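Worksheet for the structure shown next.
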Amino acid sequence: MNKPLADRIRPTSLDEVVGQKHLLSKGKALYNLISSGDIPNLIFYGPSGVGKTTVASIIAGATKRSLRRLNGTTASTQDIKDIVAELDTFTAPNGILLYLDEIQYFNKRQQQSLLEFIENGKITLIASTTENPYFYIYPAILSRSTVFEFKSIESEEVIPAIERGFRLLAEEYNLELDIENGVNEKIARGCGGDVRKALNCVENCFFATVTQNNKKHITLEITDELVQKSSVRYDRDGDEHYDIISAYQKSMRGSDPDAALHYLARLLEAGDLPSACRRLVVCACEDVGLAYPQIIPIVKSAVDIAMMVGLPEARIPLADAVVLVATAPKSNSVYMGINEAMSDVQKGNYGPIPRQLQNKHYDGEDAEIKGQFYLYPHDFENHWTAQQYLPDVLKDKHYYSFGQNKNEQAFKAYWEKIKGKKQS
């Protein structure tokens, strides 16, 4: 039985599909489309092992069209031409239903070669992708397709598939199974919402357990050894990568140390130490900033230590720094200020540097008043004197406004006293 368990147990009806209730419950749009038998071009988007291929197979079984399968990682333009050559022949009298897995690996030309036949209805396309289709799929294909997003499956939803898998193996090998309490739940939690991975683990547990008296006793101990560490869903080039680091920084910004530690753990479990360090430093500068400026060298030191010792010990200094950033007072005053200044520069909204700030050099003959006239602040009381620093076109512009925190308000009060006027 070389065929994987996940394929042998693949559902043949929508009622058997685990998860995806937002798509496949009775009355939902996709359920109604499949039930009608009038299938449009579809794009299934979501992580691996959540039912995209299964649903496509069920659709193929419900249509009168000839089913052809291609995988974007291995298919060529010639494969497409071979399928097109079948159109209007006795092998495909009613047209072709093409299931194209991993369509994101098809280049623009390959995707374009399908367009004519999708438009005239001779090929109905069901494509699946683990990447955001709006970034990876040719717009003309997208405009002629309906996109459905498949979600990761909750662990309790995976358990029925795990139970079916064990039952099928027991029947195929004519053995009795004694499954220790908690085994199914352990596999379900460890698969990271990937049913295929869960069923692979079921198979591994079955074959790794010694048969005694025509019976297998599957224990939590053997399950712990076989549940893959890679159960954390993570793809450094995919949406999940950006979702996790986004949640990581937003949790620190939102002052939730528990959530910040959770997302740090997910990054570290996936081995992505660089992203954990990089976003931590960014958050310290962007979101804490001048509310607690001492945090920047502290976080930099923690990151240096983490990079020096590596994983798993790196988790300790990083956790210290993450909790510090999450619980520190927040200010984005400097972040907003530099963004506005950059915006002006990018728009060309700047002028000549005031003469008093220029590097010392001789005035041209056209200068009505010669000399630099720079006022050295340290020559004045409190090391400050009024002087124009911005170009003339921006002389009244304010980029920085003091944040509403103890540190910045102290600076504000100091300069109001020195300059003798209210500071923005």
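Ordering of the structure tokens sets the chain letters (A, B, ...), residue numbers begin anew at 1 in every chain, and ligands are numbered from 1 in the order given.
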Mind the document's chain letters and residue numbers, and return as a PyMOL selection string the residues of segment 8-245 of chain A that DSSP labels strand (DSSP E).
-> chain A and resi 42-45+66-71+96-101+123-129+146-149+176-179+211-212+215-218
Give me, as a Markdown table, each residue of segment 66-93 of chain A that comes within 12 Å of segment 46-62 of chain A, together with its shortest interatomic pair and the distance in Å at one decimal, counting only C-alpha atoms, with rows ordered by chain and rising residue number.
```
| residue | atom | partner | partner_atom | distance |
| --- | --- | --- | --- | --- |
| A:Ser66 | CA | A:Ala60 | CA | 7.9 |
| A:Leu67 | CA | A:Ala60 | CA | 6.2 |
| A:Arg68 | CA | A:Ala60 | CA | 9.2 |
| A:Arg69 | CA | A:Ser57 | CA | 9.9 |
| A:Leu70 | CA | A:Thr53 | CA | 11.6 |
| A:Asn71 | CA | A:Thr53 | CA | 11.2 |
```
Output file for the residues above (C-alpha atoms, as an mmCIF file, in the first residue's frame):
```
data_model
loop_
_atom_site.group_PDB
_atom_site.id
_atom_site.type_symbol
_atom_site.label_atom_id
_atom_site.label_comp_id
_atom_site.auth_asym_id
_atom_site.auth_seq_id
_atom_site.Cartn_x
_atom_site.Cartn_y
_atom_site.Cartn_z
ATOM 1 C CA SER A 66 -12.763 15.281 -18.263
ATOM 2 C CA LEU A 67 -10.414 15.941 -15.368
ATOM 3 C CA ARG A 68 -6.772 16.814 -15.980
ATOM 4 C CA ARG A 69 -4.250 17.631 -13.261
ATOM 5 C CA LEU A 70 -1.086 19.704 -13.456
ATOM 6 C CA ASN A 71 1.302 20.916 -10.793
#
```
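Closest approach to Tyr45 of chain A from the set A:Gln78, A:Asn382, A:Ser152, A:Thr327 is made by A:Ser152, with distances taken over only C-alpha atoms.
If only C-alpha atoms are the atoms counted, then among A:Val202, A:Leu175, A:Leu273, A:Leu311 the closest residue to Lys216 of chain A is A:Leu175.
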Nearest to Gly193 of chain A, chosen from A:Arg266, A:His241, A:Lys151, A:Lys397, with only C-alpha atoms counted in the distances =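 Ranking A:Arg266, A:His241, A:Lys151, A:Lys397 by distance to Gly193 of chain A, first place goes to A:Lys151.
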Within 12 Å of Val210 of chain A, counting only C-alpha atoms, which residues qualify if same-chain residues fewer than 6 places away don't, as a ChimeraX atom specification?
-> /A:175,177-178,204,216-219,222
Now that the selection is made, can you save its residues with N, CA, C and O atoms as a PDB file, in the first residue's frame?
```
ATOM      1  N   LEU A 175      -5.934  -5.665  12.164  1.00  0.00           N
ATOM      2  CA  LEU A 175      -5.359  -5.607  13.506  1.00  0.00           C
ATOM      3  C   LEU A 175      -6.306  -4.870  14.439  1.00  0.00           C
ATOM      4  O   LEU A 175      -7.105  -4.033  14.013  1.00  0.00           O
ATOM      5  N   LEU A 177      -6.627  -2.107  17.427  1.00  0.00           N
ATOM      6  CA  LEU A 177      -5.871  -0.954  17.915  1.00  0.00           C
ATOM      7  C   LEU A 177      -6.328  -0.580  19.316  1.00  0.00           C
ATOM      8  O   LEU A 177      -7.527  -0.499  19.600  1.00  0.00           O
ATOM      9  N   ASP A 178      -5.359  -0.334  20.187  1.00  0.00           N
ATOM     10  CA  ASP A 178      -5.616   0.207  21.524  1.00  0.00           C
ATOM     11  C   ASP A 178      -4.883   1.544  21.585  1.00  0.00           C
ATOM     12  O   ASP A 178      -3.648   1.584  21.688  1.00  0.00           O
ATOM     13  N   ASN A 204       2.693   6.958  10.753  1.00  0.00           N
ATOM     14  CA  ASN A 204       3.969   6.722  11.428  1.00  0.00           C
ATOM     15  C   ASN A 204       3.768   6.064  12.790  1.00  0.00           C
ATOM     16  O   ASN A 204       4.504   5.145  13.166  1.00  0.00           O
ATOM     17  N   LYS A 216      -2.058  -3.623  18.365  1.00  0.00           N
ATOM     18  CA  LYS A 216      -1.097  -2.535  18.511  1.00  0.00           C
ATOM     19  C   LYS A 216      -1.580  -1.594  19.616  1.00  0.00           C
ATOM     20  O   LYS A 216      -2.729  -1.147  19.599  1.00  0.00           O
ATOM     21  N   HIS A 217      -0.688  -1.308  20.562  1.00  0.00           N
ATOM     22  CA  HIS A 217      -1.005  -0.363  21.635  1.00  0.00           C
ATOM     23  C   HIS A 217      -0.241   0.933  21.354  1.00  0.00           C
ATOM     24  O   HIS A 217       0.970   1.008  21.549  1.00  0.00           O
ATOM     25  N   ILE A 218      -0.954   1.933  20.850  1.00  0.00           N
ATOM     26  CA  ILE A 218      -0.316   3.194  20.449  1.00  0.00           C
ATOM     27  C   ILE A 218      -0.312   4.137  21.644  1.00  0.00           C
ATOM     28  O   ILE A 218      -1.365   4.521  22.168  1.00  0.00           O
ATOM     29  N   THR A 219       0.878   4.534  22.063  1.00  0.00           N
ATOM     30  CA  THR A 219       1.042   5.303  23.297  1.00  0.00           C
ATOM     31  C   THR A 219       1.336   6.770  23.021  1.00  0.00           C
ATOM     32  O   THR A 219       1.743   7.156  21.917  1.00  0.00           O
ATOM     33  N   ILE A 222       5.199   7.242  22.129  1.00  0.00           N
ATOM     34  CA  ILE A 222       5.611   7.089  20.732  1.00  0.00           C
ATOM     35  C   ILE A 222       5.080   8.243  19.885  1.00  0.00           C
ATOM     36  O   ILE A 222       5.731   8.712  18.944  1.00  0.00           O
TER      37      ILE A 222
END
```
Polymer residues at most 9 Å from Pro391 of chain A, only C-alpha atoms, same-chain spacing of 4 or more positions, as a PyMOL selection string = chain A and resi 350-354+395
For Asn184 of chain A, list every protein, DNA or RNA residue within 8 Å, evaluated using only C-alpha atoms, and leave out those in the same chain fewer than 3 positions away; present the list as an NGL selection string.
-> :A and (159 or 162-163 or 181 or 187-188)
Could you pull the residues within 10 Å of Val323 of chain A, counting only C-alpha atoms, minus those fewer than 5 positions along the same chain, as a ChimeraX atom specification?
-> /A:252,255-261,318,328
Dump of N, CA and C atoms for the selected residues, as a compact mmCIF listing (two decimals), in the first residue's frame:
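Output file out-v5.txt is given in full below:
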```txt
# COMPACT_ATOMS: atom_id res chain seq x y z
N MET A 252 3.68 44.04 20.59
CA MET A 252 4.58 44.89 21.40
C MET A 252 4.08 46.33 21.39
N SER A 255 1.29 46.91 23.69
CA SER A 255 1.60 46.72 25.11
C SER A 255 0.99 45.45 25.68
N ASP A 256 1.00 44.36 24.89
CA ASP A 256 0.51 43.06 25.34
C ASP A 256 1.69 42.10 25.41
N PRO A 257 2.33 41.97 26.57
CA PRO A 257 3.53 41.13 26.66
C PRO A 257 3.24 39.65 26.42
N ASP A 258 2.04 39.19 26.78
CA ASP A 258 1.71 37.78 26.59
C ASP A 258 1.65 37.43 25.10
N ALA A 259 0.94 38.26 24.33
CA ALA A 259 0.85 38.01 22.89
C ALA A 259 2.21 38.17 22.23
N ALA A 260 2.98 39.16 22.68
CA ALA A 260 4.31 39.38 22.09
C ALA A 260 5.20 38.17 22.32
N LEU A 261 5.15 37.58 23.51
CA LEU A 261 5.95 36.38 23.79
C LEU A 261 5.46 35.20 22.95
N LEU A 318 16.08 37.67 24.26
CA LEU A 318 15.03 38.23 23.41
C LEU A 318 13.73 38.37 24.18
N ALA A 328 6.90 49.03 28.13
CA ALA A 328 7.44 50.39 28.21
C ALA A 328 6.39 51.41 27.75
```
So which residues touch Glu86 of chain A within 10 Å, counting only C-alpha atoms, skipping near sequence neighbours fewer than 6 positions away, as an mmCIF file with N, CA and C atoms, in the first residue's frame?
```cif
data_model
loop_
_atom_site.group_PDB
_atom_site.id
_atom_site.type_symbol
_atom_site.label_atom_id
_atom_site.label_comp_id
_atom_site.auth_asym_id
_atom_site.auth_seq_id
_atom_site.Cartn_x
_atom_site.Cartn_y
_atom_site.Cartn_z
ATOM 1 N N SER A 66 -13.951 16.098 -18.469
ATOM 2 C CA SER A 66 -12.763 15.281 -18.263
ATOM 3 C C SER A 66 -11.804 16.016 -17.348
ATOM 4 N N ALA A 92 -12.470 14.357 -24.690
ATOM 5 C CA ALA A 92 -12.985 15.468 -23.882
ATOM 6 C C ALA A 92 -14.135 16.141 -24.620
ATOM 7 N N PRO A 93 -15.234 15.410 -24.830
ATOM 8 C CA PRO A 93 -16.331 15.963 -25.636
ATOM 9 C C PRO A 93 -17.037 17.144 -24.992
ATOM 10 N N GLY A 95 -15.521 19.287 -22.875
ATOM 11 C CA GLY A 95 -14.542 20.229 -22.347
ATOM 12 C C GLY A 95 -13.729 19.588 -21.237
ATOM 13 N N ILE A 96 -12.817 20.363 -20.676
ATOM 14 C CA ILE A 96 -11.872 19.841 -19.681
ATOM 15 C C ILE A 96 -11.961 20.651 -18.396
#
```
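The spacing separating atom CA of Asn349 of chain A from atom CA of Ser333 of chain A amounts to 21.2 Å.
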Using only C-alpha atoms, which of the listed residues (A:Pro274, A:Gly27, A:Gly37, A:Gly121) sits closest to Ala306 of chain A?
->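 Among A:Pro274, A:Gly27, A:Gly37, A:Gly121, it is A:Pro274 that comes nearest to Ala306 of chain A.
Closest approach to Glu131 of chain A from the set A:Asn213, A:Ser76, A:Gln104, A:Thr12 is made by A:Gln104, with distances taken over only C-alpha atoms.
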